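Q: Quick one: the structure is below, questions incoming.
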Amino acid sequence: SAVISQKPSRDICQRGTSLTIQCQVDSQVTMMFWYRQQPGQSLTLIATANQGSEATYESGFVIDKFPISRPNLTFSTLTVSNMSPEDSSIYLCSVEEADRGSYNEQFFGPGTRLTVL
Amino acid sequence: GQNIDQPTEMTATEGAIVQINCTYQTSGFNGLFWYQQHAGEAPTFLSYNVLDGLEEKGRFSSFLSRSKGYSYLLLKELQMKDSASYLCAVRGASGYALNFGKGTSLLVTP
């Protein structure tokens, strides 16, 4: 299975600043996703990070607020821009391994715990 | 759109069996996943169903009925370490991303 690392693991940021979260995978993967998990809540998909093209955002999320890069098949970044306390959340990177037979399993990174003051 | 419902909390006794239900209403369907998430950790994959029926994997089994929009996760021989949140997630027909339910917090007691 894919091994996923995220940096930073946690951060405390000031209102109005931006933070870039990195996601590194130990193998080439086609699909990478960014999720948010607010305190006590389940996971909400922010966007699908497409290699070589713009990310595909879900309803309620926009590129200006959450710009995403996907320069190659093993790496992606998510930036949380102009942060407010409502952005305090855990941000998780997820990848999908293809060609595993009958289904493609999604693996999650350890998450980045963000607190905005 | 997607609507995925699970009970919020459940409690069961060590050694017992517990069934966690999930109902869904989606605009398309391309598989249902169950994940386990311990507090402060990332979700870990438990099971996948795309066809009707029961999939068994050790102490964990998952069932799917597509016509009823219904799945359950069955945990046997419960252990204290099974105390966690269990997330039901559905993949729609149009893509690869998962839509998650709010999760069921399971507490296993001695």
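Following the order of the structure tokens, chains are lettered A, B, ..., residues in each are numbered from 1, and ligands are numbered from 1.
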Would you please give, as a ChimeraX atom specification, all residues of chain B that DSSP assigns to strand (DSSP E or B) based on the backbone?

A: /B:2-5,9-13,18-26,32-37,44-49,53-57,60-65,70-75,84-91,98-100,104-109

Q: Would you mind listing, as a list in words, all residues of chain A that have at least one atom within 8 Å of chain B, where only C-alpha atoms are what counts?

A: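 That gives the following set of residues: Met31, Phe33, Gln41, Ser42, Leu43, Thr44, Leu45, Thr48, Leu92, Tyr103, Glu105, Gln106, Phe107, Phe108, Gly109, Pro110 and Gly111 of chain A.
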
Q: Can you spit out the residues from that selection as a tab-separated table (two decimals), in the first residue's frame, using all heavy atoms?

A:
chain	number	residue	atom	x	y	z
A	31	MET	N	-4.56	9.43	-8.81
A	31	MET	CA	-5.54	10.29	-8.16
A	31	MET	C	-5.06	10.72	-6.78
A	31	MET	O	-4.65	9.91	-5.96
A	31	MET	CB	-6.88	9.56	-8.01
A	31	MET	CG	-7.41	8.93	-9.29
A	31	MET	SD	-7.71	10.12	-10.59
A	31	MET	CE	-9.03	11.07	-9.86
A	33	PHE	N	-6.33	13.47	-3.57
A	33	PHE	CA	-7.46	14.25	-3.08
A	33	PHE	C	-7.07	15.00	-1.81
A	33	PHE	O	-6.21	14.56	-1.06
A	33	PHE	CB	-8.65	13.34	-2.75
A	33	PHE	CG	-9.03	12.40	-3.86
A	33	PHE	CD1	-8.49	11.12	-3.91
A	33	PHE	CD2	-9.92	12.78	-4.83
A	33	PHE	CE1	-8.84	10.24	-4.93
A	33	PHE	CE2	-10.27	11.91	-5.85
A	33	PHE	CZ	-9.73	10.64	-5.89
A	41	GLN	N	-16.32	16.37	13.28
A	41	GLN	CA	-17.07	16.14	12.03
A	41	GLN	C	-16.41	15.05	11.20
A	41	GLN	O	-15.30	14.61	11.48
A	41	GLN	CB	-17.15	17.44	11.22
A	41	GLN	CG	-17.79	18.60	11.95
A	41	GLN	CD	-19.24	18.33	12.26
A	41	GLN	OE1	-20.01	17.85	11.42
A	41	GLN	NE2	-19.64	18.62	13.49
A	42	SER	N	-17.11	14.64	10.16
A	42	SER	CA	-16.54	13.67	9.23
A	42	SER	C	-15.73	14.40	8.16
A	42	SER	O	-15.54	15.62	8.23
A	42	SER	CB	-17.64	12.84	8.61
A	42	SER	OG	-17.09	11.75	7.90
A	43	LEU	N	-15.26	13.67	7.20
A	43	LEU	CA	-14.40	14.24	6.17
A	43	LEU	C	-15.23	14.88	5.07
A	43	LEU	O	-16.23	14.31	4.62
A	43	LEU	CB	-13.52	13.16	5.56
A	43	LEU	CG	-12.35	12.66	6.40
A	43	LEU	CD1	-12.81	11.70	7.48
A	43	LEU	CD2	-11.30	12.00	5.53
A	44	THR	N	-14.76	16.02	4.61
A	44	THR	CA	-15.37	16.71	3.49
A	44	THR	C	-14.34	16.90	2.40
A	44	THR	O	-13.24	17.42	2.66
A	44	THR	CB	-15.90	18.09	3.93
A	44	THR	OG1	-16.86	17.92	4.98
A	44	THR	CG2	-16.56	18.81	2.77
A	45	LEU	N	-14.68	16.51	1.20
A	45	LEU	CA	-13.75	16.64	0.09
A	45	LEU	C	-13.63	18.09	-0.33
A	45	LEU	O	-14.64	18.76	-0.56
A	45	LEU	CB	-14.24	15.81	-1.10
A	45	LEU	CG	-13.38	15.84	-2.35
A	45	LEU	CD1	-12.01	15.20	-2.09
A	45	LEU	CD2	-14.07	15.14	-3.51
A	48	THR	N	-10.04	17.53	-5.99
A	48	THR	CA	-9.23	16.48	-6.59
A	48	THR	C	-8.05	17.15	-7.27
A	48	THR	O	-8.24	18.06	-8.09
A	48	THR	CB	-10.05	15.69	-7.62
A	48	THR	OG1	-11.19	15.13	-6.96
A	48	THR	CG2	-9.22	14.57	-8.23
A	92	LEU	N	-6.40	16.53	5.26
A	92	LEU	CA	-5.87	15.21	4.93
A	92	LEU	C	-5.69	15.06	3.43
A	92	LEU	O	-6.58	15.41	2.65
A	92	LEU	CB	-6.80	14.10	5.42
A	92	LEU	CG	-7.00	14.02	6.92
A	92	LEU	CD1	-8.44	14.29	7.28
A	92	LEU	CD2	-6.59	12.65	7.44
A	103	TYR	N	-11.10	-3.27	-7.26
A	103	TYR	CA	-11.41	-1.95	-6.76
A	103	TYR	C	-10.13	-1.18	-6.50
A	103	TYR	O	-9.05	-1.74	-6.44
A	103	TYR	CB	-12.24	-2.02	-5.48
A	103	TYR	CG	-11.48	-2.61	-4.30
A	103	TYR	CD1	-10.78	-1.80	-3.42
A	103	TYR	CD2	-11.51	-3.96	-4.07
A	103	TYR	CE1	-10.10	-2.34	-2.35
A	103	TYR	CE2	-10.83	-4.51	-2.99
A	103	TYR	CZ	-10.14	-3.69	-2.13
A	103	TYR	OH	-9.48	-4.22	-1.09
A	105	GLU	N	-8.40	1.20	-3.78
A	105	GLU	CA	-8.48	1.61	-2.39
A	105	GLU	C	-7.90	2.99	-2.22
A	105	GLU	O	-6.91	3.33	-2.84
A	105	GLU	CB	-7.72	0.61	-1.53
A	105	GLU	CG	-7.74	0.91	-0.05
A	105	GLU	CD	-7.01	-0.14	0.75
A	105	GLU	OE1	-6.95	-1.30	0.29
A	105	GLU	OE2	-6.48	0.19	1.82
A	106	GLN	N	-8.53	3.80	-1.37
A	106	GLN	CA	-7.99	5.12	-1.05
A	106	GLN	C	-7.28	5.07	0.29
A	106	GLN	O	-7.81	4.55	1.27
A	106	GLN	CB	-9.11	6.16	-1.01
A	106	GLN	CG	-9.55	6.60	-2.39
A	106	GLN	CD	-10.33	7.91	-2.38
A	106	GLN	OE1	-10.30	8.67	-1.42
A	106	GLN	NE2	-11.03	8.16	-3.47
A	107	PHE	N	-6.06	5.62	0.29
A	107	PHE	CA	-5.26	5.70	1.51
A	107	PHE	C	-5.17	7.15	1.94
A	107	PHE	O	-5.12	8.05	1.10
A	107	PHE	CB	-3.85	5.17	1.27
A	107	PHE	CG	-3.81	3.72	0.89
A	107	PHE	CD1	-3.83	3.34	-0.44
A	107	PHE	CD2	-3.74	2.74	1.86
A	107	PHE	CE1	-3.80	2.01	-0.80
A	107	PHE	CE2	-3.70	1.40	1.52
A	107	PHE	CZ	-3.74	1.04	0.18
A	108	PHE	N	-5.11	7.36	3.25
A	108	PHE	CA	-5.04	8.70	3.79
A	108	PHE	C	-3.68	8.96	4.43
A	108	PHE	O	-3.09	8.08	5.05
A	108	PHE	CB	-6.14	8.93	4.83
A	108	PHE	CG	-7.49	9.08	4.21
A	108	PHE	CD1	-8.26	7.98	3.90
A	108	PHE	CD2	-7.99	10.35	3.93
A	108	PHE	CE1	-9.51	8.13	3.31
A	108	PHE	CE2	-9.23	10.50	3.34
A	108	PHE	CZ	-9.99	9.40	3.04
A	109	GLY	N	-3.24	10.20	4.27
A	109	GLY	CA	-2.06	10.65	4.99
A	109	GLY	C	-2.41	10.89	6.44
A	109	GLY	O	-3.56	10.82	6.84
A	110	PRO	N	-1.39	11.19	7.26
A	110	PRO	CA	-1.61	11.35	8.70
A	110	PRO	C	-2.34	12.63	9.07
A	110	PRO	O	-2.80	12.77	10.20
A	110	PRO	CB	-0.19	11.36	9.27
A	110	PRO	CG	0.66	11.82	8.15
A	110	PRO	CD	0.03	11.30	6.90
A	111	GLY	N	-2.46	13.56	8.12
A	111	GLY	CA	-3.20	14.79	8.39
A	111	GLY	C	-2.33	15.92	8.90
A	111	GLY	O	-1.25	15.69	9.47

Q: Determine, counting only C-alpha atoms, which protein, DNA and RNA residues have an atom within 8 Å of an atom of stretch 57-71 of chain A; residues of the same chain fewer than 5 positions away are not included. Present the result as a list in words.

A: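 Everything that qualifies: Leu45, Ile46, Ala47, Thr48, Ala49, Asn50, Gln51, Gly52, Ser76, Thr77, Leu78, Thr79, Val80, Ser81 and Asn82 of chain A.
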
Q: If you keep N, CA, C and O atoms, can you produce a file of those selected residues as a PDB file, in the first residue's frame?

A:
ATOM      1  N   LEU A  45     -14.684  16.511   1.201  1.00  0.00           N
ATOM      2  CA  LEU A  45     -13.751  16.639   0.089  1.00  0.00           C
ATOM      3  C   LEU A  45     -13.625  18.092  -0.331  1.00  0.00           C
ATOM      4  O   LEU A  45     -14.639  18.764  -0.559  1.00  0.00           O
ATOM      5  N   ILE A  46     -12.382  18.579  -0.423  1.00  0.00           N
ATOM      6  CA  ILE A  46     -12.126  19.938  -0.896  1.00  0.00           C
ATOM      7  C   ILE A  46     -11.971  19.924  -2.411  1.00  0.00           C
ATOM      8  O   ILE A  46     -12.632  20.678  -3.130  1.00  0.00           O
ATOM      9  N   ALA A  47     -11.060  19.072  -2.896  1.00  0.00           N
ATOM     10  CA  ALA A  47     -10.768  19.069  -4.326  1.00  0.00           C
ATOM     11  C   ALA A  47     -10.009  17.813  -4.706  1.00  0.00           C
ATOM     12  O   ALA A  47      -9.417  17.138  -3.866  1.00  0.00           O
ATOM     13  N   THR A  48     -10.043  17.532  -5.993  1.00  0.00           N
ATOM     14  CA  THR A  48      -9.234  16.482  -6.591  1.00  0.00           C
ATOM     15  C   THR A  48      -8.045  17.151  -7.269  1.00  0.00           C
ATOM     16  O   THR A  48      -8.236  18.065  -8.094  1.00  0.00           O
ATOM     17  N   ALA A  49      -6.847  16.702  -6.924  1.00  0.00           N
ATOM     18  CA  ALA A  49      -5.627  17.305  -7.482  1.00  0.00           C
ATOM     19  C   ALA A  49      -5.236  16.531  -8.729  1.00  0.00           C
ATOM     20  O   ALA A  49      -4.869  15.360  -8.656  1.00  0.00           O
ATOM     21  N   ASN A  50      -5.313  17.160  -9.855  1.00  0.00           N
ATOM     22  CA  ASN A  50      -5.036  16.519 -11.134  1.00  0.00           C
ATOM     23  C   ASN A  50      -3.619  16.861 -11.583  1.00  0.00           C
ATOM     24  O   ASN A  50      -3.233  18.027 -11.588  1.00  0.00           O
ATOM     25  N   GLN A  51      -2.875  15.858 -11.983  1.00  0.00           N
ATOM     26  CA  GLN A  51      -1.506  16.085 -12.440  1.00  0.00           C
ATOM     27  C   GLN A  51      -1.519  16.728 -13.813  1.00  0.00           C
ATOM     28  O   GLN A  51      -2.144  16.207 -14.735  1.00  0.00           O
ATOM     29  N   GLY A  52      -0.876  17.870 -13.918  1.00  0.00           N
ATOM     30  CA  GLY A  52      -0.764  18.550 -15.198  1.00  0.00           C
ATOM     31  C   GLY A  52      -1.938  19.433 -15.568  1.00  0.00           C
ATOM     32  O   GLY A  52      -1.956  20.008 -16.654  1.00  0.00           O
ATOM     33  N   SER A  76       1.876  16.770  -3.967  1.00  0.00           N
ATOM     34  CA  SER A  76       0.854  17.803  -4.131  1.00  0.00           C
ATOM     35  C   SER A  76       0.943  18.762  -2.951  1.00  0.00           C
ATOM     36  O   SER A  76       1.432  18.396  -1.873  1.00  0.00           O
ATOM     37  N   THR A  77       0.495  19.984  -3.160  1.00  0.00           N
ATOM     38  CA  THR A  77       0.388  20.937  -2.059  1.00  0.00           C
ATOM     39  C   THR A  77      -0.999  21.551  -2.039  1.00  0.00           C
ATOM     40  O   THR A  77      -1.647  21.711  -3.078  1.00  0.00           O
ATOM     41  N   LEU A  78      -1.448  21.863  -0.849  1.00  0.00           N
ATOM     42  CA  LEU A  78      -2.696  22.598  -0.625  1.00  0.00           C
ATOM     43  C   LEU A  78      -2.344  23.835   0.185  1.00  0.00           C
ATOM     44  O   LEU A  78      -1.683  23.733   1.219  1.00  0.00           O
ATOM     45  N   THR A  79      -2.752  25.000  -0.277  1.00  0.00           N
ATOM     46  CA  THR A  79      -2.548  26.232   0.474  1.00  0.00           C
ATOM     47  C   THR A  79      -3.878  26.702   1.035  1.00  0.00           C
ATOM     48  O   THR A  79      -4.877  26.726   0.317  1.00  0.00           O
ATOM     49  N   VAL A  80      -3.894  27.021   2.309  1.00  0.00           N
ATOM     50  CA  VAL A  80      -5.057  27.631   2.931  1.00  0.00           C
ATOM     51  C   VAL A  80      -4.745  29.122   3.028  1.00  0.00           C
ATOM     52  O   VAL A  80      -3.835  29.520   3.771  1.00  0.00           O
ATOM     53  N   SER A  81      -5.469  29.930   2.260  1.00  0.00           N
ATOM     54  CA  SER A  81      -5.131  31.342   2.102  1.00  0.00           C
ATOM     55  C   SER A  81      -5.977  32.229   3.003  1.00  0.00           C
ATOM     56  O   SER A  81      -7.134  31.909   3.308  1.00  0.00           O
ATOM     57  N   ASN A  82      -5.391  33.353   3.397  1.00  0.00           N
ATOM     58  CA  ASN A  82      -6.128  34.371   4.163  1.00  0.00           C
ATOM     59  C   ASN A  82      -6.967  33.702   5.260  1.00  0.00           C
ATOM     60  O   ASN A  82      -8.190  33.826   5.286  1.00  0.00           O
TER      61      ASN A  82
END

Q: Suppose you want the space between atom CA of A:Gly16 and atom CA of A:Leu117; what is it in Å?

A: 9.6 Å

Q: Please identify all polymer residues within 12 Å of B:Ser65, counting only C-alpha atoms, omitting same-chain residues fewer than 6 positions from it, and present them as a list in words.

A: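 Surrounding residues, per the criterion: Asn21, Cys22, Thr23, Tyr24, Phe29, Gly31, Leu32, Asn49, Val50, Leu51, Asp52, Gly53, Leu54, Glu55, Ser71 and Tyr72 of chain B.
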
Q: Save the residues we just selected, N, CA and C atoms, as a short mmCIF file (atom, residue, chain, number, x, y, z; two decimals), in the first residue's frame?

A:
data_model
loop_
_atom_site.label_atom_id
_atom_site.label_comp_id
_atom_site.auth_asym_id
_atom_site.auth_seq_id
_atom_site.Cartn_x
_atom_site.Cartn_y
_atom_site.Cartn_z
N ASN B 21 -25.01 0.42 10.96
CA ASN B 21 -25.75 0.58 9.72
C ASN B 21 -25.41 1.88 9.00
N CYS B 22 -25.59 1.84 7.70
CA CYS B 22 -25.37 3.03 6.87
C CYS B 22 -26.40 3.01 5.74
N THR B 23 -27.14 4.08 5.61
CA THR B 23 -28.06 4.21 4.47
C THR B 23 -27.61 5.38 3.63
N TYR B 24 -27.85 5.26 2.33
CA TYR B 24 -27.37 6.31 1.43
C TYR B 24 -28.38 6.56 0.32
N PHE B 29 -23.74 5.46 -8.13
CA PHE B 29 -23.08 4.58 -7.15
C PHE B 29 -21.97 3.80 -7.84
N GLY B 31 -19.54 2.08 -5.54
CA GLY B 31 -18.84 1.43 -4.45
C GLY B 31 -19.05 2.09 -3.11
N LEU B 32 -19.03 1.28 -2.06
CA LEU B 32 -19.20 1.76 -0.69
C LEU B 32 -18.02 1.27 0.14
N ASN B 49 -17.47 -2.62 -0.80
CA ASN B 49 -18.54 -3.39 -1.46
C ASN B 49 -19.00 -2.63 -2.69
N VAL B 50 -19.13 -3.34 -3.77
CA VAL B 50 -19.74 -2.73 -4.96
C VAL B 50 -20.89 -3.59 -5.49
N LEU B 51 -20.86 -4.89 -5.17
CA LEU B 51 -21.95 -5.79 -5.52
C LEU B 51 -22.71 -6.17 -4.25
N ASP B 52 -23.97 -6.56 -4.42
CA ASP B 52 -24.78 -6.96 -3.28
C ASP B 52 -24.17 -8.17 -2.59
N GLY B 53 -24.32 -8.19 -1.28
CA GLY B 53 -23.87 -9.36 -0.55
C GLY B 53 -22.92 -9.01 0.56
N LEU B 54 -22.35 -10.05 1.14
CA LEU B 54 -21.50 -9.94 2.31
C LEU B 54 -20.03 -10.17 1.95
N GLU B 55 -19.18 -9.27 2.43
CA GLU B 55 -17.74 -9.43 2.28
C GLU B 55 -17.15 -9.64 3.67
N SER B 71 -26.11 -0.48 3.81
CA SER B 71 -24.93 -1.26 4.11
C SER B 71 -24.81 -1.40 5.62
N TYR B 72 -24.14 -2.43 6.04
CA TYR B 72 -23.75 -2.49 7.45
C TYR B 72 -22.36 -3.05 7.58
#

Q: Applying 7 Å and only C-alpha atoms, which residues near A:Phe75 remain after dropping the ones on its own chain fewer than 5 positions away? List them as a ChimeraX atom specification.

A: /A:23-25,70

Q: Set the distance at 9 Å and use only C-alpha atoms: which residues neighbour B:Gln25 once local chain neighbours fewer than 3 positions away are removed? I'd like the list as a list in words.

A: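 What passes the distance filter is Gly1, Gln2, Asn3, Ile4, Asp5, Gly28 and Gly69 of chain B.
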
Q: Can you write just those residues out, all heavy atoms, as a compact mmCIF listing (two decimals), in the first residue's frame?

A:
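In the end it all went to part_30.txt:
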# COMPACT_ATOMS: atom_id res chain seq x y z
N GLY B 1 -26.93 14.82 -5.68
CA GLY B 1 -26.22 14.98 -4.43
C GLY B 1 -26.14 13.67 -3.68
O GLY B 1 -26.63 12.64 -4.12
N GLN B 2 -25.52 13.73 -2.52
CA GLN B 2 -25.31 12.53 -1.71
C GLN B 2 -25.88 12.76 -0.32
O GLN B 2 -25.72 13.83 0.26
CB GLN B 2 -23.80 12.24 -1.58
CG GLN B 2 -23.03 12.34 -2.87
CD GLN B 2 -22.85 11.00 -3.54
OE1 GLN B 2 -23.37 10.00 -3.07
NE2 GLN B 2 -22.15 10.99 -4.65
N ASN B 3 -26.53 11.77 0.23
CA ASN B 3 -27.03 11.81 1.60
C ASN B 3 -26.69 10.49 2.24
O ASN B 3 -27.21 9.44 1.82
CB ASN B 3 -28.53 12.08 1.61
CG ASN B 3 -29.03 12.31 3.00
OD1 ASN B 3 -28.29 12.76 3.86
ND2 ASN B 3 -30.28 11.98 3.24
N ILE B 4 -25.83 10.51 3.23
CA ILE B 4 -25.34 9.29 3.86
C ILE B 4 -25.61 9.38 5.36
O ILE B 4 -25.17 10.34 6.01
CB ILE B 4 -23.83 9.10 3.60
CG1 ILE B 4 -23.58 9.06 2.09
CG2 ILE B 4 -23.34 7.83 4.26
CD1 ILE B 4 -22.13 9.17 1.71
N ASP B 5 -26.34 8.40 5.90
CA ASP B 5 -26.75 8.43 7.30
C ASP B 5 -26.19 7.26 8.07
O ASP B 5 -26.25 6.12 7.61
CB ASP B 5 -28.28 8.42 7.41
CG ASP B 5 -28.88 9.72 6.94
OD1 ASP B 5 -28.35 10.80 7.32
OD2 ASP B 5 -29.86 9.68 6.18
N GLY B 28 -25.52 8.58 -8.06
CA GLY B 28 -24.85 7.49 -8.77
C GLY B 28 -24.13 6.65 -7.75
O GLY B 28 -23.93 7.08 -6.60
N GLY B 69 -30.21 0.81 -0.86
CA GLY B 69 -29.31 1.89 -0.44
C GLY B 69 -28.84 1.69 0.98
O GLY B 69 -28.86 2.62 1.80

Q: Considering only C-alpha atoms, state which residue in the set A:Ser9, A:Ser89, A:Ser18, A:Gln28 is at the smallest distance from A:Thr115.

A: A:Ser89

Q: Closest to B:Leu75 among B:Ile20, B:His38, B:Phe63, B:Val90, using only C-alpha atoms?

A: B:Ile20

Q: Give me, as a PyMOL selection string, all polymer residues having an atom no more than 10 Å from stretch 10-15 of chain A, counting only C-alpha atoms and skipping those fewer than 2 positions away in the same chain.

A: chain A and resi 6-8+17-19+21+81-88+90-91+111-117

Q: Go ahead and dump the residues you just picked, N, CA, C and O atoms, as an mmCIF file, in the first residue's frame.

A:
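File selection-v3.cif, as written:
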data_model
loop_
_atom_site.group_PDB
_atom_site.id
_atom_site.type_symbol
_atom_site.label_atom_id
_atom_site.label_comp_id
_atom_site.auth_asym_id
_atom_site.auth_seq_id
_atom_site.Cartn_x
_atom_site.Cartn_y
_atom_site.Cartn_z
ATOM 1 N N GLN A 6 2.786 13.920 5.277
ATOM 2 C CA GLN A 6 2.319 15.296 5.159
ATOM 3 C C GLN A 6 3.186 16.198 6.040
ATOM 4 O O GLN A 6 3.608 15.813 7.128
ATOM 5 N N LYS A 7 3.410 17.404 5.535
ATOM 6 C CA LYS A 7 4.130 18.409 6.303
ATOM 7 C C LYS A 7 3.391 19.725 6.219
ATOM 8 O O LYS A 7 2.921 20.084 5.117
ATOM 9 N N PRO A 8 3.286 20.497 7.290
ATOM 10 C CA PRO A 8 3.637 20.108 8.641
ATOM 11 C C PRO A 8 2.583 19.170 9.238
ATOM 12 O O PRO A 8 1.513 19.023 8.684
ATOM 13 N N THR A 17 -3.069 35.103 7.514
ATOM 14 C CA THR A 17 -1.889 34.525 6.879
ATOM 15 C C THR A 17 -2.284 33.311 6.050
ATOM 16 O O THR A 17 -3.442 32.905 6.016
ATOM 17 N N SER A 18 -1.289 32.726 5.368
ATOM 18 C CA SER A 18 -1.514 31.539 4.540
ATOM 19 C C SER A 18 -0.561 30.426 4.961
ATOM 20 O O SER A 18 0.537 30.686 5.433
ATOM 21 N N LEU A 19 -0.999 29.205 4.750
ATOM 22 C CA LEU A 19 -0.185 28.034 5.079
ATOM 23 C C LEU A 19 -0.236 27.053 3.916
ATOM 24 O O LEU A 19 -1.318 26.770 3.400
ATOM 25 N N ILE A 21 0.447 23.199 2.789
ATOM 26 C CA ILE A 21 0.588 21.840 3.294
ATOM 27 C C ILE A 21 1.105 20.966 2.161
ATOM 28 O O ILE A 21 0.584 21.021 1.041
ATOM 29 N N SER A 81 -5.469 29.930 2.260
ATOM 30 C CA SER A 81 -5.131 31.342 2.102
ATOM 31 C C SER A 81 -5.977 32.229 3.003
ATOM 32 O O SER A 81 -7.134 31.909 3.308
ATOM 33 N N ASN A 82 -5.391 33.353 3.397
ATOM 34 C CA ASN A 82 -6.128 34.371 4.163
ATOM 35 C C ASN A 82 -6.967 33.702 5.260
ATOM 36 O O ASN A 82 -8.190 33.826 5.286
ATOM 37 N N MET A 83 -6.278 33.010 6.128
ATOM 38 C CA MET A 83 -6.955 32.144 7.089
ATOM 39 C C MET A 83 -7.789 32.900 8.118
ATOM 40 O O MET A 83 -7.463 34.029 8.525
ATOM 41 N N SER A 84 -8.851 32.256 8.539
ATOM 42 C CA SER A 84 -9.695 32.731 9.635
ATOM 43 C C SER A 84 -9.875 31.566 10.607
ATOM 44 O O SER A 84 -9.576 30.418 10.263
ATOM 45 N N PRO A 85 -10.345 31.839 11.817
ATOM 46 C CA PRO A 85 -10.535 30.750 12.790
ATOM 47 C C PRO A 85 -11.417 29.612 12.263
ATOM 48 O O PRO A 85 -11.244 28.466 12.682
ATOM 49 N N GLU A 86 -12.319 29.913 11.336
ATOM 50 C CA GLU A 86 -13.187 28.872 10.773
ATOM 51 C C GLU A 86 -12.416 27.852 9.937
ATOM 52 O O GLU A 86 -12.935 26.778 9.627
ATOM 53 N N ASP A 87 -11.185 28.189 9.571
ATOM 54 C CA ASP A 87 -10.353 27.261 8.818
ATOM 55 C C ASP A 87 -9.632 26.272 9.724
ATOM 56 O O ASP A 87 -8.937 25.370 9.224
ATOM 57 N N SER A 88 -9.771 26.423 11.020
ATOM 58 C CA SER A 88 -9.153 25.476 11.958
ATOM 59 C C SER A 88 -9.744 24.093 11.714
ATOM 60 O O SER A 88 -10.957 23.895 11.813
ATOM 61 N N ILE A 90 -8.480 19.657 10.513
ATOM 62 C CA ILE A 90 -7.439 18.734 10.072
ATOM 63 C C ILE A 90 -7.571 18.613 8.552
ATOM 64 O O ILE A 90 -8.671 18.386 8.034
ATOM 65 N N TYR A 91 -6.454 18.765 7.873
ATOM 66 C CA TYR A 91 -6.438 18.659 6.411
ATOM 67 C C TYR A 91 -5.723 17.361 6.038
ATOM 68 O O TYR A 91 -4.588 17.125 6.465
ATOM 69 N N GLY A 111 -2.460 13.559 8.120
ATOM 70 C CA GLY A 111 -3.199 14.789 8.395
ATOM 71 C C GLY A 111 -2.330 15.920 8.903
ATOM 72 O O GLY A 111 -1.252 15.693 9.473
ATOM 73 N N THR A 112 -2.808 17.129 8.683
ATOM 74 C CA THR A 112 -2.179 18.345 9.212
ATOM 75 C C THR A 112 -3.214 19.054 10.068
ATOM 76 O O THR A 112 -4.270 19.441 9.577
ATOM 77 N N ARG A 113 -2.888 19.194 11.343
ATOM 78 C CA ARG A 113 -3.823 19.833 12.276
ATOM 79 C C ARG A 113 -3.533 21.327 12.319
ATOM 80 O O ARG A 113 -2.475 21.749 12.785
ATOM 81 N N LEU A 114 -4.456 22.102 11.822
ATOM 82 C CA LEU A 114 -4.294 23.558 11.720
ATOM 83 C C LEU A 114 -5.181 24.273 12.719
ATOM 84 O O LEU A 114 -6.386 24.003 12.795
ATOM 85 N N THR A 115 -4.579 25.175 13.485
ATOM 86 C CA THR A 115 -5.320 26.044 14.392
ATOM 87 C C THR A 115 -5.062 27.479 13.982
ATOM 88 O O THR A 115 -3.908 27.889 13.840
ATOM 89 N N VAL A 116 -6.135 28.224 13.774
ATOM 90 C CA VAL A 116 -6.016 29.630 13.378
ATOM 91 C C VAL A 116 -6.519 30.500 14.523
ATOM 92 O O VAL A 116 -7.652 30.338 14.992
ATOM 93 N N LEU A 117 -5.659 31.409 14.962
ATOM 94 C CA LEU A 117 -6.019 32.268 16.104
ATOM 95 C C LEU A 117 -6.577 33.611 15.656
ATOM 96 O O LEU A 117 -6.276 34.080 14.556
#

Q: What is the distance, in Å and to one decimal place, between atom CA of A:Val3 and atom CA of B:Trp34?

A: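 Straight-line distance from atom CA of A:Val3 to atom CA of B:Trp34 works out to 19.4 Å.
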
Q: Just the number, please: distance in Å from atom CA of B:Thr26 to atom CA of B:Gly92, one decimal.

A: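 Calculated distance between atom CA of B:Thr26 and atom CA of B:Gly92 is 7.0 Å.
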